[in-house]
file run18.txt (compact mmCIF, C-alpha atoms and all ligand atoms)
# COMPACT_ATOMS: atom_id res chain seq x y z
CA MET A 2 -14.28 -12.04 0.96
CA PHE A 3 -16.36 -9.75 -1.14
CA LEU A 4 -17.89 -6.34 -0.91
CA SER A 5 -21.64 -6.77 -1.08
CA SER A 6 -22.62 -3.12 -0.93
CA ILE A 7 -21.34 0.37 -0.48
CA GLN A 8 -23.15 3.50 0.58
CA LEU A 9 -21.55 6.79 -0.48
CA ARG A 10 -22.10 10.36 0.61
CA ASN A 11 -20.14 13.33 -0.70
CA PHE A 12 -17.02 11.31 -1.43
CA ARG A 13 -15.24 13.26 -4.21
CA ASN A 14 -17.57 13.59 -7.22
CA LEU A 15 -19.61 10.50 -6.33
CA ALA A 16 -23.29 11.19 -5.89
CA ASP A 17 -25.11 9.95 -2.82
CA GLN A 18 -25.86 6.40 -3.76
CA ARG A 19 -25.97 2.82 -2.63
CA LEU A 20 -24.41 0.15 -4.82
CA GLU A 21 -24.89 -3.59 -4.51
CA PHE A 22 -21.93 -5.54 -5.83
CA PRO A 23 -22.14 -9.04 -7.28
CA ALA A 24 -19.82 -11.56 -5.58
CA GLN A 25 -17.66 -11.96 -8.68
CA GLY A 26 -17.29 -8.21 -9.11
CA VAL A 27 -18.02 -5.69 -11.85
CA ALA A 28 -16.38 -3.91 -14.74
CA LEU A 29 -16.87 -0.19 -14.44
CA VAL A 30 -16.74 1.63 -17.75
CA GLY A 31 -16.77 5.37 -18.17
CA ASP A 32 -15.02 8.27 -19.86
CA ASN A 33 -12.10 10.08 -18.32
CA GLY A 34 -12.90 12.11 -15.24
CA GLN A 35 -16.29 10.50 -14.49
CA GLY A 36 -15.34 9.02 -11.11
CA LYS A 37 -14.01 5.50 -11.79
CA THR A 38 -10.88 5.90 -9.70
CA ASN A 39 -12.87 7.81 -7.08
CA LEU A 40 -15.07 4.76 -6.55
CA LEU A 41 -12.05 2.47 -6.13
CA GLU A 42 -10.54 5.04 -3.77
CA ALA A 43 -13.73 4.93 -1.68
CA ILE A 44 -13.61 1.11 -1.53
CA TYR A 45 -9.94 1.07 -0.57
CA TYR A 46 -10.63 3.72 2.06
CA LEU A 47 -12.51 1.06 4.02
CA GLU A 48 -9.31 -0.94 4.39
CA ILE A 49 -6.81 1.60 5.75
CA PHE A 50 -8.91 4.78 6.06
CA ARG A 51 -6.64 6.67 3.75
CA SER A 52 -6.59 7.43 0.05
CA PHE A 53 -4.50 5.09 -2.08
CA ARG A 54 -3.68 8.15 -4.18
CA GLY A 55 -1.98 9.79 -1.23
CA ALA A 56 -4.70 12.46 -1.04
CA ALA A 57 -5.44 14.15 2.28
CA ASP A 58 -8.89 13.51 3.77
CA GLU A 59 -9.85 17.16 3.12
CA GLN A 60 -9.50 16.55 -0.60
CA LEU A 61 -11.89 13.61 -0.50
CA VAL A 62 -14.83 15.70 0.68
CA ARG A 63 -17.00 16.72 -2.24
CA PHE A 64 -16.37 20.34 -3.28
CA GLY A 65 -18.59 22.67 -1.27
CA GLU A 66 -19.50 20.02 1.32
CA GLU A 67 -18.31 19.44 4.87
CA VAL A 68 -18.49 15.71 5.49
CA PHE A 69 -17.99 12.56 3.46
CA ARG A 70 -19.14 9.15 4.48
CA VAL A 71 -18.42 5.70 3.07
CA GLU A 72 -20.05 2.60 4.42
CA GLY A 73 -19.35 -0.86 3.13
CA GLU A 74 -20.63 -4.30 3.86
CA ALA A 75 -18.26 -7.18 3.27
CA ARG A 76 -19.01 -10.88 3.42
CA THR A 77 -16.12 -12.63 5.12
CA PRO A 78 -15.61 -16.11 6.57
CA GLU A 79 -16.40 -14.54 9.97
CA GLY A 80 -19.71 -13.28 8.68
CA THR A 81 -20.86 -9.90 7.46
CA GLN A 82 -18.66 -6.97 8.48
CA LYS A 83 -19.95 -3.42 8.29
CA VAL A 84 -17.21 -0.83 8.09
CA ALA A 85 -18.02 2.88 7.96
CA ALA A 86 -15.77 5.91 7.76
CA ALA A 87 -16.70 9.57 7.86
CA PHE A 88 -14.57 12.68 7.79
CA ASP A 89 -15.61 16.16 8.82
CA ARG A 90 -13.54 18.79 7.07
CA ARG A 91 -14.29 21.62 9.46
CA ALA A 92 -13.73 19.67 12.67
CA LYS A 93 -10.88 17.72 10.99
CA ARG A 94 -12.33 14.65 12.58
CA LYS A 95 -12.42 11.13 11.23
CA LYS A 96 -14.80 8.61 12.64
CA VAL A 97 -14.53 4.92 11.91
CA THR A 98 -16.91 2.23 13.04
CA VAL A 99 -16.86 -1.52 12.65
CA ASN A 100 -20.24 -3.17 13.02
CA GLY A 101 -21.57 -0.02 14.58
CA SER A 102 -18.98 0.56 17.27
CA GLU A 103 -15.92 2.75 17.31
CA PRO A 104 -12.69 0.78 17.84
CA GLU A 105 -10.43 1.87 20.69
CA ARG A 106 -7.66 2.62 18.23
CA LEU A 107 -7.96 3.19 14.51
CA GLY A 108 -5.34 0.48 14.09
CA ASP A 109 -7.80 -2.13 15.37
CA ALA A 110 -10.08 -1.45 12.41
CA LEU A 111 -7.38 -1.60 9.74
CA GLY A 112 -7.75 -4.43 7.29
CA THR A 113 -11.22 -5.55 8.37
CA VAL A 114 -11.92 -5.36 4.66
CA GLY A 115 -9.03 -6.82 2.63
CA VAL A 116 -8.37 -4.89 -0.57
CA VAL A 117 -5.49 -4.65 -3.04
CA VAL A 118 -5.45 -1.97 -5.73
CA PHE A 119 -3.51 -2.28 -8.96
CA SER A 120 -3.09 1.14 -10.49
CA PRO A 121 -0.88 2.70 -13.17
CA SER A 122 0.53 4.99 -10.47
CA ASP A 123 2.02 1.89 -8.76
CA VAL A 124 5.04 2.36 -10.97
CA ALA A 125 6.10 4.97 -8.40
CA ILE A 126 6.71 2.16 -5.90
CA VAL A 127 9.51 0.97 -8.17
CA ALA A 128 10.68 4.20 -9.80
CA GLY A 129 9.90 6.70 -7.05
CA SER A 130 11.80 7.71 -3.93
CA PRO A 131 12.75 5.19 -1.21
CA GLY A 132 9.88 6.65 0.83
CA GLU A 133 7.39 5.13 -1.64
CA ARG A 134 8.87 1.68 -1.13
CA ARG A 135 8.93 2.06 2.66
CA ARG A 136 5.29 3.13 2.58
CA PHE A 137 4.46 0.02 0.56
CA LEU A 138 6.25 -2.24 3.07
CA ASP A 139 4.73 -0.42 6.05
CA ILE A 140 1.18 -0.83 4.75
CA VAL A 141 1.54 -4.52 3.90
CA LEU A 142 3.15 -5.27 7.26
CA SER A 143 0.80 -3.09 9.31
CA LEU A 144 -2.04 -5.13 7.85
CA THR A 145 -0.47 -8.53 8.27
CA ALA A 146 2.38 -8.66 10.82
CA PRO A 147 1.31 -8.70 14.49
CA GLY A 148 2.77 -5.78 16.43
CA TYR A 149 4.17 -4.04 13.36
CA LEU A 150 1.86 -1.03 13.40
CA HIS A 151 2.49 -0.49 17.10
CA ALA A 152 6.28 -0.66 16.58
CA LEU A 153 5.98 1.76 13.65
CA GLN A 154 4.06 4.28 15.72
CA LYS A 155 6.53 4.01 18.60
CA TYR A 156 9.49 4.31 16.26
CA ARG A 157 8.04 7.44 14.66
CA GLN A 158 7.50 9.06 18.05
CA VAL A 159 11.07 8.38 19.16
CA LEU A 160 12.45 9.51 15.81
CA ALA A 161 10.51 12.77 15.94
CA GLN A 162 11.82 13.51 19.45
CA ARG A 163 15.37 12.64 18.55
CA ASN A 164 15.27 14.69 15.34
CA ALA A 165 13.84 17.69 17.19
CA LEU A 166 16.77 17.54 19.61
CA LEU A 167 19.33 17.16 16.81
CA ARG A 168 17.76 20.10 14.96
CA ARG A 169 18.25 22.39 17.89
CA ALA A 170 21.78 21.08 18.51
CA ALA A 171 21.03 19.54 21.90
CA PRO A 172 24.02 17.96 23.73
CA THR A 173 24.97 14.44 22.59
CA LEU A 174 23.99 12.92 25.92
CA VAL A 175 20.48 14.30 25.61
CA VAL A 176 20.12 13.04 22.05
CA SER A 177 21.49 9.60 22.84
CA ALA A 178 18.96 9.15 25.63
CA TRP A 179 16.60 8.26 22.75
CA ASP A 180 18.94 5.72 21.16
CA ASP A 181 17.60 2.72 23.07
CA GLY A 182 14.04 3.39 21.97
CA LEU A 183 15.14 4.00 18.42
CA VAL A 184 17.04 0.71 18.35
CA THR A 185 14.36 -1.36 20.11
CA TRP A 186 11.48 -0.31 17.86
CA GLY A 187 13.64 0.13 14.79
CA CYS A 188 14.95 -3.43 14.97
CA ARG A 189 11.44 -4.80 15.01
CA LEU A 190 10.67 -2.90 11.83
CA ILE A 191 13.89 -3.94 10.11
CA ALA A 192 13.48 -7.58 11.12
CA ALA A 193 9.85 -7.76 10.00
CA ARG A 194 10.50 -6.05 6.68
CA ALA A 195 13.63 -8.07 5.92
CA ARG A 196 11.87 -11.31 6.80
CA TRP A 197 8.87 -10.50 4.62
CA VAL A 198 11.00 -9.51 1.65
CA ASP A 199 13.03 -12.70 2.07
CA GLU A 200 9.93 -14.88 2.26
CA ARG A 201 8.30 -13.29 -0.77
CA ALA A 202 11.33 -12.88 -3.02
CA ALA A 203 10.83 -16.19 -4.82
CA ALA A 204 7.15 -15.47 -5.54
CA PHE A 205 8.08 -11.98 -6.75
CA ALA A 206 10.62 -13.45 -9.19
CA ARG A 207 8.10 -16.03 -10.37
CA HIS A 208 5.45 -13.36 -11.02
CA VAL A 209 7.89 -11.26 -13.01
CA ARG A 210 8.80 -14.30 -15.12
CA GLY A 211 5.12 -14.99 -15.61
CA ILE A 212 4.10 -11.47 -16.56
CA ALA A 213 7.07 -10.64 -18.76
CA ASP A 214 8.06 -13.62 -20.82
CA GLY A 215 11.77 -14.11 -20.22
CA GLY A 216 11.94 -11.29 -17.74
CA ALA A 217 13.80 -11.69 -14.48
CA ALA A 218 13.85 -9.51 -11.38
CA THR A 219 14.67 -9.83 -7.70
CA ILE A 220 13.89 -7.94 -4.51
CA ALA A 221 16.05 -7.63 -1.41
CA TYR A 222 15.80 -5.55 1.74
CA GLU A 223 18.39 -2.78 1.83
CA PRO A 224 18.99 -1.54 5.37
CA SER A 225 20.83 1.68 6.09
CA ILE A 226 23.10 -0.21 8.47
CA PRO A 227 25.81 -1.13 5.98
CA ALA A 228 27.54 -3.86 7.96
CA TYR A 229 24.50 -6.08 7.65
CA ALA A 230 23.17 -4.99 4.31
CA GLU A 231 23.21 -8.50 2.87
CA GLN A 232 21.92 -10.51 5.80
CA ALA A 233 19.39 -8.48 7.75
CA ALA A 234 16.79 -11.25 7.46
CA ALA A 235 19.12 -13.81 8.98
CA LEU A 236 20.16 -11.78 12.03
CA ASP A 237 18.72 -12.31 15.47
CA PRO A 238 17.34 -9.22 17.20
CA ASP A 239 20.39 -8.86 19.48
CA GLN A 240 22.86 -8.82 16.59
CA LEU A 241 20.67 -6.38 14.72
CA GLY A 242 20.45 -4.17 17.81
CA GLU A 243 24.22 -4.18 18.27
CA ALA A 244 24.79 -3.27 14.64
CA PHE A 245 22.22 -0.46 14.84
CA THR A 246 23.73 0.92 18.06
CA HIS A 247 27.24 0.72 16.60
CA GLU A 248 26.13 2.57 13.48
CA LEU A 249 24.44 5.29 15.53
CA GLY A 250 27.75 5.75 17.37
CA ARG A 251 29.64 6.07 14.10
CA SER A 252 27.14 8.61 12.76
CA ARG A 253 27.12 10.87 15.84
CA ASP A 254 29.12 13.71 14.25
CA ARG A 255 27.38 13.54 10.92
CA GLU A 256 24.03 13.56 12.67
CA SER A 257 24.79 16.69 14.65
CA ARG A 258 26.09 18.42 11.53
CA ARG A 259 23.00 17.49 9.51
CA GLY A 260 20.57 17.90 12.42
CA MET A 261 18.75 14.60 11.88
CA THR A 262 18.84 10.86 12.50
CA LEU A 263 20.71 9.25 9.63
CA VAL A 264 20.45 5.52 10.28
CA GLY A 265 17.44 3.35 10.90
CA PRO A 266 14.45 1.89 9.09
CA HIS A 267 13.30 5.38 8.06
CA ARG A 268 16.32 5.43 5.75
CA ASP A 269 16.07 1.87 4.45
CA ASP A 270 15.00 0.80 1.00
CA LEU A 271 13.80 -2.14 -1.03
CA ARG A 272 16.28 -3.06 -3.72
CA ILE A 273 14.70 -4.13 -7.01
CA ARG A 274 16.98 -5.52 -9.66
CA GLY A 275 16.19 -6.83 -13.09
CA ARG A 276 17.92 -8.59 -15.92
CA ASP A 277 18.11 -6.78 -19.18
CA ILE A 278 16.60 -9.09 -21.79
CA ALA A 279 18.92 -7.90 -24.56
CA THR A 280 22.26 -7.90 -22.73
CA GLY A 281 21.62 -10.32 -19.86
CA ALA A 282 23.16 -7.82 -17.42
CA TRP A 283 21.55 -7.13 -14.03
CA THR A 284 20.61 -3.52 -13.34
CA ASP A 285 18.89 -1.55 -10.63
CA LEU A 286 15.30 -1.25 -11.85
CA ARG A 287 14.63 1.69 -9.54
CA THR A 288 16.88 3.92 -11.61
CA PHE A 289 17.69 2.05 -14.82
CA GLY A 290 14.56 -0.01 -15.50
CA SER A 291 12.58 0.58 -18.66
CA GLY A 292 8.98 1.72 -18.25
CA GLY A 293 7.78 -1.82 -19.01
CA GLN A 294 10.19 -3.44 -16.54
CA GLN A 295 9.18 -1.02 -13.82
CA ARG A 296 5.47 -1.60 -14.44
CA THR A 297 5.98 -5.37 -14.38
CA ALA A 298 7.87 -5.19 -11.09
CA ALA A 299 5.15 -2.98 -9.60
CA ILE A 300 2.47 -5.48 -10.57
CA ALA A 301 4.49 -8.35 -9.09
CA LEU A 302 4.77 -6.37 -5.82
CA ARG A 303 0.98 -5.98 -5.73
CA MET A 304 0.62 -9.70 -6.38
CA ILE A 305 2.79 -10.61 -3.38
CA GLU A 306 0.85 -8.05 -1.33
CA ALA A 307 -2.40 -9.79 -2.31
CA GLU A 308 -0.96 -13.22 -1.46
CA THR A 309 0.20 -11.98 1.93
CA LEU A 310 -3.26 -10.62 2.73
CA ARG A 311 -4.84 -13.84 1.55
CA GLU A 312 -2.62 -15.97 3.78
CA LYS A 313 -3.20 -13.72 6.78
CA ALA A 314 -6.97 -13.75 6.44
CA ALA A 315 -7.25 -17.22 4.92
CA ASP A 316 -9.47 -15.47 2.43
CA GLU A 317 -9.15 -13.75 -0.93
CA PRO A 318 -8.79 -9.99 -0.78
CA ILE A 319 -10.95 -7.84 -3.04
CA ILE A 320 -8.93 -6.99 -6.15
CA LEU A 321 -9.33 -3.52 -7.65
CA LEU A 322 -7.85 -3.03 -11.11
CA ASP A 323 -7.74 0.63 -12.06
CA ASP A 324 -7.33 0.92 -15.78
CA VAL A 325 -4.30 -1.36 -15.62
CA PHE A 326 -4.49 -2.64 -19.14
CA ALA A 327 -4.13 0.74 -20.77
CA GLU A 328 -0.36 0.68 -20.52
CA LEU A 329 0.38 -3.01 -20.92
CA ASP A 330 0.80 -5.09 -24.02
CA PRO A 331 -1.84 -7.80 -24.60
CA GLY A 332 0.45 -10.63 -23.46
CA ARG A 333 1.17 -9.03 -20.11
CA SER A 334 -2.48 -8.11 -19.60
CA ARG A 335 -3.54 -11.66 -20.31
CA ARG A 336 -1.09 -13.11 -17.81
CA ILE A 337 -2.26 -10.73 -15.09
CA LEU A 338 -5.83 -11.76 -15.75
CA GLU A 339 -4.81 -15.42 -15.55
CA TRP A 340 -3.32 -14.73 -12.13
CA VAL A 341 -6.48 -12.99 -10.97
CA GLU A 342 -8.51 -15.93 -12.23
CA ASN A 343 -6.38 -18.79 -11.01
CA GLU A 344 -4.65 -17.67 -7.88
CA GLU A 345 -7.01 -15.15 -6.44
CA GLY A 346 -10.41 -16.02 -7.83
CA GLY A 347 -12.16 -13.57 -5.52
CA GLN A 348 -14.09 -10.43 -6.29
CA VAL A 349 -12.65 -8.20 -9.01
CA ILE A 350 -13.70 -4.62 -9.51
CA LEU A 351 -12.06 -3.18 -12.57
CA THR A 352 -12.28 0.08 -14.42
CA ALA A 353 -11.66 0.94 -18.04
CA PRO A 354 -12.41 3.96 -20.18
CA LYS A 355 -13.39 1.78 -23.14
CA GLU A 356 -15.48 -1.34 -23.16
CA THR A 357 -13.00 -3.11 -25.40
CA ASP A 358 -10.46 -3.05 -22.57
CA VAL A 359 -12.73 -5.14 -20.40
CA GLU A 360 -11.63 -8.68 -21.07
CA VAL A 361 -11.60 -10.17 -17.61
CA ARG A 362 -13.38 -13.51 -17.15
CA GLY A 363 -14.07 -13.72 -20.83
CA GLY A 364 -16.10 -10.55 -20.47
CA ALA A 365 -18.34 -12.32 -17.96
CA LEU A 366 -18.25 -9.59 -15.35
CA PRO A 367 -21.40 -7.49 -15.22
CA ARG A 368 -20.82 -4.07 -16.80
CA TRP A 369 -21.61 -0.87 -15.02
CA SER A 370 -21.23 2.56 -16.48
CA ILE A 371 -20.34 5.71 -14.63
CA ARG A 372 -21.12 9.24 -15.67
CA ASP A 373 -20.58 12.34 -13.61
CA GLY A 374 -20.28 10.31 -10.42
CA VAL A 375 -23.46 8.31 -10.96
CA VAL A 376 -23.15 4.55 -11.46
CA SER A 377 -25.72 2.61 -13.45
CA PRO A 378 -25.81 -0.94 -14.82
CA LEU A 379 -25.22 -1.10 -18.57
N1 LIG B 401 -13.38 16.56 -3.68
C1 LIG B 401 -13.98 16.50 -4.88
N2 LIG B 401 -15.25 16.93 -5.04
C2 LIG B 401 -15.86 16.87 -6.25
N3 LIG B 401 -15.29 16.38 -7.35
C3 LIG B 401 -14.03 15.93 -7.24
C4 LIG B 401 -13.31 15.94 -6.02
N4 LIG B 401 -12.09 15.42 -6.22
C5 LIG B 401 -12.03 15.09 -7.51
N5 LIG B 401 -13.20 15.37 -8.14
C6 LIG B 401 -13.53 15.18 -9.54
O1 LIG B 401 -13.45 13.81 -9.86
C7 LIG B 401 -13.10 13.68 -11.22
C8 LIG B 401 -12.02 12.66 -11.42
O2 LIG B 401 -12.51 11.43 -11.04
P1 LIG B 401 -11.65 10.13 -11.28
O3 LIG B 401 -10.23 10.36 -10.99
O4 LIG B 401 -12.36 9.06 -10.55
O5 LIG B 401 -11.83 9.95 -12.86
P2 LIG B 401 -11.71 8.61 -13.72
O6 LIG B 401 -13.08 8.21 -14.13
O7 LIG B 401 -10.91 7.63 -12.98
O8 LIG B 401 -10.95 9.17 -14.99
P3 LIG B 401 -9.70 8.60 -15.81
O9 LIG B 401 -10.28 7.67 -16.82
O10 LIG B 401 -9.16 9.82 -16.45
O11 LIG B 401 -8.77 7.97 -14.86
C9 LIG B 401 -12.57 15.02 -11.69
O12 LIG B 401 -13.49 15.53 -12.62
C10 LIG B 401 -12.53 15.85 -10.44
O13 LIG B 401 -12.89 17.17 -10.67
MG MG B 402 -8.97 7.00 -13.16
call {"tool": "encode", "arguments": {"input": "run18.txt", "output": "structure tokens"}}
result
Amino acid sequence: MFLSSIQLRNFRNLADQRLEFPAQGVALVGDNGQGKTNLLEAIYYLEIFRSFRGAADEQLVRFGEEVFRVEGEARTPEGTQKVAAAFDRRAKRKKVTVNGSEPERLGDALGTVGVVVFSPSDVAIVAGSPGERRRFLDIVLSLTAPGYLHALQKYRQVLAQRNALLRRAAPTLVVSAWDDGLVTWGCRLIAARARWVDERAAAFARHVRGIADGGAATIAYEPSIPAYAEQAAALDPDQLGEAFTHELGRSRDRESRRGMTLVGPHRDDLRIRGRDIATGAWTDLRTFGSGGQQRTAAIALRMIEAETLREKAADEPIILLDDVFAELDPGRSRRILEWVENEEGGQVILTAPKETDVEVRGGALPRWSIRDGVVSPL
């Protein structure tokens, strides 16, 4: 799939403009603060209708304006798809349309355009809080696993209710009325995440070896239900449900003391371990990884995300590379580019502050420059 055009209005510092993208992509060159990441943010917005930088919609509206609008046209195997999103700051209203009509639920429009962003801030997926890793898993699975988004929404509703009751010290019987819902929806999330991590672990390890010569790293799902920490992917839903229910029972007192739900997928994590090249010892990359190891692992996670999207859609996602070569040594950069070339081969939109950083496809990508939010071909 590729993005053939985008129409922008009051999105961050980007001027009102329409851009036509070549099928192979472009290299966007511009000084710091000119709007390179803003443009990638606008493109990604068309996939999940949220900022990949974690910014609230209010922040995306150009200073002094009320409404932003992004409209993209993507060529997919199913034909041309027109996805538009607008947000009104005053009314706090977001409107999304696909081919001109508003979907019944926002979830139905998610992933119409397949996009994966590689950004230096991805290192937070590895080095940041468990919440960052859960968010990563939730986005990949909401886009690719049938029923996942629905289960996630249901789980969050039940969790919010249960937590509200625990916070105001409601009687145990009242709190535990929500346990069944928590377990039912929670098990779907745990099972889907554990299965995905299991399926992708080998590819993750291969990518790490490929990016970092001699490097080794592994991923594993780390549920907050300790009895099954090592085998969540292998459990059938009934066993998982029993373990979850049992753990809730054991945590009853702690939960009422702390006033919140302490077990479940909202407390799970993705374990990322790596082998130290010097000593050969395995360490937890989340806390002990070097900057380079953490960046490598983050890139490998994006690669398995891209492969998952590609398999789901039977089509290459659009790859956005936000200044990713700035922090990597030439060998690592080259191997990432080889992956983009060989395995993905779809549209690549990359940004760099200096033209010398733009090496993708032997420099064959058309160059665009950006200045003060205005894009022009070089
Ligand atoms: N809501 C907004 N309205 C207007 N301008 C904004 C808004 N949000 C951010 N900006 C401006 O966008 C600019 C930053 O754009 P962006 O992050 O895309 O830069 P960049 O080209 O990626 O730079 P770098 O090379 O440093 O990463 C800043 O100058 C900021 O003031
Ligand atoms: Mg930037």
call {"tool": "residues_around", "arguments": {"input": "run18.txt", "residues": "Ile350 of chain A", "least_positions_apart": "5", "cutoff": "8 Å", "atoms": "all atoms listed in the file", "output": "CSV table (one decimal) with C-alpha atoms, keeping the file's coordinate frame"}}
result
chain,number,residue,atom,x,y,z
A,26,GLY,CA,-17.3,-8.2,-9.1
A,27,VAL,CA,-18.0,-5.7,-11.8
A,28,ALA,CA,-16.4,-3.9,-14.7
A,29,LEU,CA,-16.9,-0.2,-14.4
A,319,ILE,CA,-11.0,-7.8,-3.0
A,320,ILE,CA,-8.9,-7.0,-6.2
A,321,LEU,CA,-9.3,-3.5,-7.6
A,322,LEU,CA,-7.8,-3.0,-11.1
call {"tool": "residues_near_ligand", "arguments": {"input": "run18.txt", "ligand": "ligand LIG 401 (chain B)", "cutoff": "12 Å", "atoms": "all atoms listed in the file", "output": "ChimeraX atom specification"}}
result
/A:10-16,29-43,52-54,56-69,90,120-122,322-325,327,351-355,370-376
call {"tool": "residues_around", "arguments": {"input": "run18.txt", "residues": "Arg168 of chain A", "least_positions_apart": "4", "cutoff": "10 Å", "atoms": "all atoms listed in the file", "output": "number ranges by chain"}}
result
A: 162-164, 256-262
call {"tool": "atom_distance", "arguments": {"input": "run18.txt", "atom1": "atom CA of Phe245 of chain A", "atom2": "atom CA of Leu160 of chain A"}}
result
14.0 Å
call {"tool": "closest_residue", "arguments": {"input": "run18.txt", "among": "A:Thr185, A:Arg336, A:Phe119, A:Leu4", "to": "ligand MG 402 (chain B)", "atoms": "all atoms listed in the file"}}
result
A:Phe119
call {"tool": "build_atoms", "arguments": {"input": "run18.txt", "residues": "segment 286-292 of chain A", "atoms": "all heavy atoms", "output": "PDB file, keeping the file's coordinate frame"}}
result
ATOM      1  N   LEU A 286      16.516  -1.672 -11.142  1.00  0.00           N
ATOM      2  CA  LEU A 286      15.300  -1.250 -11.850  1.00  0.00           C
ATOM      3  C   LEU A 286      14.772   0.084 -11.339  1.00  0.00           C
ATOM      4  O   LEU A 286      14.031   0.766 -12.034  1.00  0.00           O
ATOM      5  CB  LEU A 286      14.202  -2.306 -11.702  1.00  0.00           C
ATOM      6  CG  LEU A 286      14.362  -3.611 -12.464  1.00  0.00           C
ATOM      7  CD1 LEU A 286      13.074  -4.422 -12.357  1.00  0.00           C
ATOM      8  CD2 LEU A 286      14.688  -3.355 -13.932  1.00  0.00           C
ATOM      9  N   ARG A 287      15.140   0.439 -10.103  1.00  0.00           N
ATOM     10  CA  ARG A 287      14.630   1.690  -9.540  1.00  0.00           C
ATOM     11  C   ARG A 287      15.101   2.870 -10.375  1.00  0.00           C
ATOM     12  O   ARG A 287      14.354   3.817 -10.593  1.00  0.00           O
ATOM     13  CB  ARG A 287      15.119   1.855  -8.090  1.00  0.00           C
ATOM     14  CG  ARG A 287      14.558   0.797  -7.163  1.00  0.00           C
ATOM     15  CD  ARG A 287      15.213   0.842  -5.803  1.00  0.00           C
ATOM     16  NE  ARG A 287      16.642   0.564  -5.851  1.00  0.00           N
ATOM     17  CZ  ARG A 287      17.404   0.326  -4.779  1.00  0.00           C
ATOM     18  NH1 ARG A 287      16.852   0.349  -3.583  1.00  0.00           N
ATOM     19  NH2 ARG A 287      18.680   0.075  -4.890  1.00  0.00           N
ATOM     20  N   THR A 288      16.354   2.789 -10.840  1.00  0.00           N
ATOM     21  CA  THR A 288      16.880   3.920 -11.610  1.00  0.00           C
ATOM     22  C   THR A 288      17.070   3.613 -13.085  1.00  0.00           C
ATOM     23  O   THR A 288      16.956   4.498 -13.909  1.00  0.00           O
ATOM     24  CB  THR A 288      18.244   4.377 -11.029  1.00  0.00           C
ATOM     25  OG1 THR A 288      18.966   3.222 -10.631  1.00  0.00           O
ATOM     26  CG2 THR A 288      18.042   5.279  -9.838  1.00  0.00           C
ATOM     27  N   PHE A 289      17.354   2.335 -13.429  1.00  0.00           N
ATOM     28  CA  PHE A 289      17.690   2.050 -14.820  1.00  0.00           C
ATOM     29  C   PHE A 289      16.649   1.211 -15.549  1.00  0.00           C
ATOM     30  O   PHE A 289      16.845   0.867 -16.712  1.00  0.00           O
ATOM     31  CB  PHE A 289      19.053   1.346 -14.899  1.00  0.00           C
ATOM     32  CG  PHE A 289      20.168   2.203 -14.353  1.00  0.00           C
ATOM     33  CD1 PHE A 289      20.828   1.850 -13.177  1.00  0.00           C
ATOM     34  CD2 PHE A 289      20.539   3.368 -15.007  1.00  0.00           C
ATOM     35  CE1 PHE A 289      21.853   2.640 -12.672  1.00  0.00           C
ATOM     36  CE2 PHE A 289      21.555   4.166 -14.506  1.00  0.00           C
ATOM     37  CZ  PHE A 289      22.218   3.805 -13.336  1.00  0.00           C
ATOM     38  N   GLY A 290      15.556   0.843 -14.855  1.00  0.00           N
ATOM     39  CA  GLY A 290      14.560  -0.010 -15.500  1.00  0.00           C
ATOM     40  C   GLY A 290      13.834   0.714 -16.615  1.00  0.00           C
ATOM     41  O   GLY A 290      13.635   1.924 -16.541  1.00  0.00           O
ATOM     42  N   SER A 291      13.433  -0.022 -17.632  1.00  0.00           N
ATOM     43  CA  SER A 291      12.580   0.580 -18.660  1.00  0.00           C
ATOM     44  C   SER A 291      11.184   0.743 -18.066  1.00  0.00           C
ATOM     45  O   SER A 291      10.862   0.137 -17.032  1.00  0.00           O
ATOM     46  CB  SER A 291      12.514  -0.325 -19.883  1.00  0.00           C
ATOM     47  OG  SER A 291      11.771  -1.493 -19.573  1.00  0.00           O
ATOM     48  N   GLY A 292      10.353   1.537 -18.723  1.00  0.00           N
ATOM     49  CA  GLY A 292       8.980   1.720 -18.250  1.00  0.00           C
ATOM     50  C   GLY A 292       8.273   0.385 -18.074  1.00  0.00           C
ATOM     51  O   GLY A 292       7.615   0.156 -17.064  1.00  0.00           O
TER      52      GLY A 292
END
